[in-house]
Amino acid sequence: MNPQLLFWVPAALRLTFVLLAAAVIGYFFGLTAGFAAGLLFLLVLVIVQLKYLYLLSGWLDHPDSEKLPDGWGAWTDVFSRLYRLRRDDERNRKELGEWLTRFRQAMSLLPDGVAIMDDVLFLEWCNPTAEKHLGLSNTRDKGMRVTNLIRDPAFIDYIILGRYEQPLTLNVKDRKLVVQIIPFENRRQILVTHDVTDSERIDMMRRDFIANASHELRTPLTVINGFLEIAQAQPDLEQSIRMSHLKLMIEQGQRMQNLIEDMLTLTRLESIDYPLRTEQVNIRNLLDQLLREANALSGGRHTITLAVDGPNIEGNTDELRSAFGNLVTNAIRYTPEGGHIHIKWQQTEKGPQFSVQDSGIGIRAEHIARLTERFYRVDKSRSRETQGTGLGLAIVKHVLLRHKATLVIESEEGKGSTFSAFFRQS
């Protein structure tokens, strides 16, 4: 039915009832009494309307705390409509609140920082990553101007110029951030921060790796090419000199081969497509084999001892042989003739431990933290003499990481070193 009819028909019926009632009273008691009764009935209707207007006004002042009054007549429809509007409004507000909560939860999980500002750069909200990147606080700094919170001159210039199509790079708290402001709506702006510190470090490591690998390969190639040019230019070279050249070329070729094999080993260890294949590792057999290889490499120049007092473990035998072998080989290479090397496998309170202790040249404290970096050498000239590739300890570190073990290095210059691998108790 038409809403206008729903309103006017009951109102017309009520007025008609008042007039009929006044006419009946006037018929029986006189015209004056009928007129007075009609005025009285109209006054009652007006008072009722004023009462409901008063109740409606009170409810409008406090719609969340006051219950809607019960209506009479046309007011029944008015209050029922208000009730439906209020119910729909509460439902919409609840849905909006849920969407806002989900939005903030999603923003909180982003790896990038997100801060929402108004058109004059007052902070309205920021996620935890933005708090971490920029030192903001969503509770303490809300409503404050962002340029008062981030006082970097480059950031302030970026704001003043307003050229937001290009991102800005900032150095904040030893982190490198890419910052960009994105306007949206009419009176809002989003400040986005992206931490590129790790990617920059990885890129630098990649560049250093390529540069170091190129440098390491250039030296043996230069030697080999030089001797080949001599052999080509001097076909009648003395046999002894020719054999000396061939020996050096074989050594340099072997050095390149070892380097390439170590590089390939590192690549496999770092690849997610190269999962760890475990087995029960017989530690006694593994270390006995390493002891034989160590004695062969030493050639009787060192005293090498072995102590095994620990359990077998789950792991990859080939990878552990490579890691343990690198530690033993390094001990032999950097221990002068007559020195002592002790290889130990033991059970500790925290789990099995493998260690190699030597009486070699030792390492200064400032070098220890960087020993597992690729191609890092304490003494480059001595490393070439010992035929090291500079990748051995990097391989050790990655093998131990795959076996959930840690490498601990203790050393004192001139007094020897101890390299220990601690395995978690299974």
# chains A, B, ... in the order shown; residues from 1 in each chain; ligands from 1

$ select_by_dssp --residues "region 181-350 of chain A" --states "helix (DSSP H, G or I)" --output "NGL selection string"
:A and (197-233 or 239-270 or 283-298 or 317-333)

$ residues_around --residues "Val408 (chain A)" --least-positions-apart "3" --cutoff "10 Å" --atoms "only C-alpha atoms" --output "list in words"
Ser355, Ile368, Ala369, Ala405, Thr418, Phe419, Ser420, Ala421 and Phe422 of chain A

$ residues_around --residues "Leu123 (chain A)" --least-positions-apart "6" --cutoff "12 Å" --atoms "only C-alpha atoms" --output "list in words"
Val114, Ala115, Ile116, Met117, Ala130, Glu131, Leu136, Ser137, Asn138, Thr139, Arg140, Asp141, Lys142, Gly143, Met144, Arg145, Val146, Thr147, Asn148, Leu149, Ile150, Arg188, Gln189, Ile190 and Leu191 of chain A

$ closest_residue --among "A:Ala12, A:Met256, A:Leu237, A:Ile395" --to "Thr222 (chain A)" --atoms "only C-alpha atoms"
A:Met256

$ residues_around --residues "Asn258 (chain A)" --least-positions-apart "4" --cutoff "12 Å" --atoms "only C-alpha atoms" --output "list in words"
Glu216, Leu217, Pro220, Glu251, Gln252, Gly253, Gln254, Asp262, Met263, Leu264, Thr265, Gln387, Gly388, Thr389, Gly390, Leu391 and Gly392 of chain A

$ residues_around --residues "Lys344 (chain A)" --least-positions-apart "5" --cutoff "6 Å" --atoms "only C-alpha atoms" --output "list in words"
Leu306, Ala307, Val308, Phe354 and Ser355 of chain A

$ write_last_selection --atoms "N, CA and C atoms" --output "JSON list (two decimals), in the first residue's frame"
[["chain", "number", "residue", "atom", "x", "y", "z"],
["A", 306, "LEU", "N", 93.26, -38.73, 17.55],
["A", 306, "LEU", "CA", 91.81, -38.82, 17.41],
["A", 306, "LEU", "C", 91.21, -39.42, 18.66],
["A", 307, "ALA", "N", 90.13, -38.82, 19.15],
["A", 307, "ALA", "CA", 89.38, -39.35, 20.29],
["A", 307, "ALA", "C", 87.91, -39.36, 19.94],
["A", 308, "VAL", "N", 87.29, -40.55, 20.04],
["A", 308, "VAL", "CA", 85.87, -40.69, 19.72],
["A", 308, "VAL", "C", 85.16, -41.23, 20.95],
["A", 354, "PHE", "N", 81.79, -32.01, 17.62],
["A", 354, "PHE", "CA", 83.00, -32.34, 16.87],
["A", 354, "PHE", "C", 83.94, -31.14, 16.97],
["A", 355, "SER", "N", 85.22, -31.40, 17.24],
["A", 355, "SER", "CA", 86.17, -30.30, 17.36],
["A", 355, "SER", "C", 87.52, -30.69, 16.77]]

$ residues_around --residues "Glu165 (chain A)" --least-positions-apart "4" --cutoff "10 Å" --atoms "only C-alpha atoms" --output "list of chain:residue names"
A:Gln180, A:Ile181, A:Ile182

$ closest_residue --among "A:Asp195, A:Glu279, A:Glu95, A:Asp88" --to "Asn171 (chain A)" --atoms "only C-alpha atoms"
A:Asp195

$ closest_residue --among "A:Arg91, A:His367, A:Arg206, A:His194" --to "Ser411 (chain A)" --atoms "only C-alpha atoms"
A:His367

$ residues_around --residues "Phe209 (chain A)" --least-positions-apart "5" --cutoff "10 Å" --atoms "only C-alpha atoms" --output "JSON, numbers by chain"
{"A": [203, 204, 214, 215, 373, 374, 375]}

$ atom_distance --atom1 "CA of Ser244 (chain A)" --atom2 "CA of Val223 (chain A)"
12.4 Å

$ closest_residue --among "A:Asn326, A:Thr348, A:Ser108, A:Thr278" --to "Glu314 (chain A)" --atoms "only C-alpha atoms"
A:Thr278

$ closest_residue --among "A:Ala37, A:Val192, A:Leu43, A:Asp152" --to "Gly113 (chain A)" --atoms "only C-alpha atoms"
A:Val192

$ select_by_dssp --residues "region 15-223 of chain A" --states "strand (DSSP E)" --output "PyMOL selection string"
chain A and resi 113-118+123-126+168-172+175-184+188-195

$ closest_residue --among "A:Arg86, A:Arg81, A:Arg14, A:Arg255" --to "Phe41 (chain A)" --atoms "only C-alpha atoms"
A:Arg14

$ atom_distance --atom1 "CA of Leu19 (chain A)" --atom2 "CA of Gly38 (chain A)"
6.5 Å
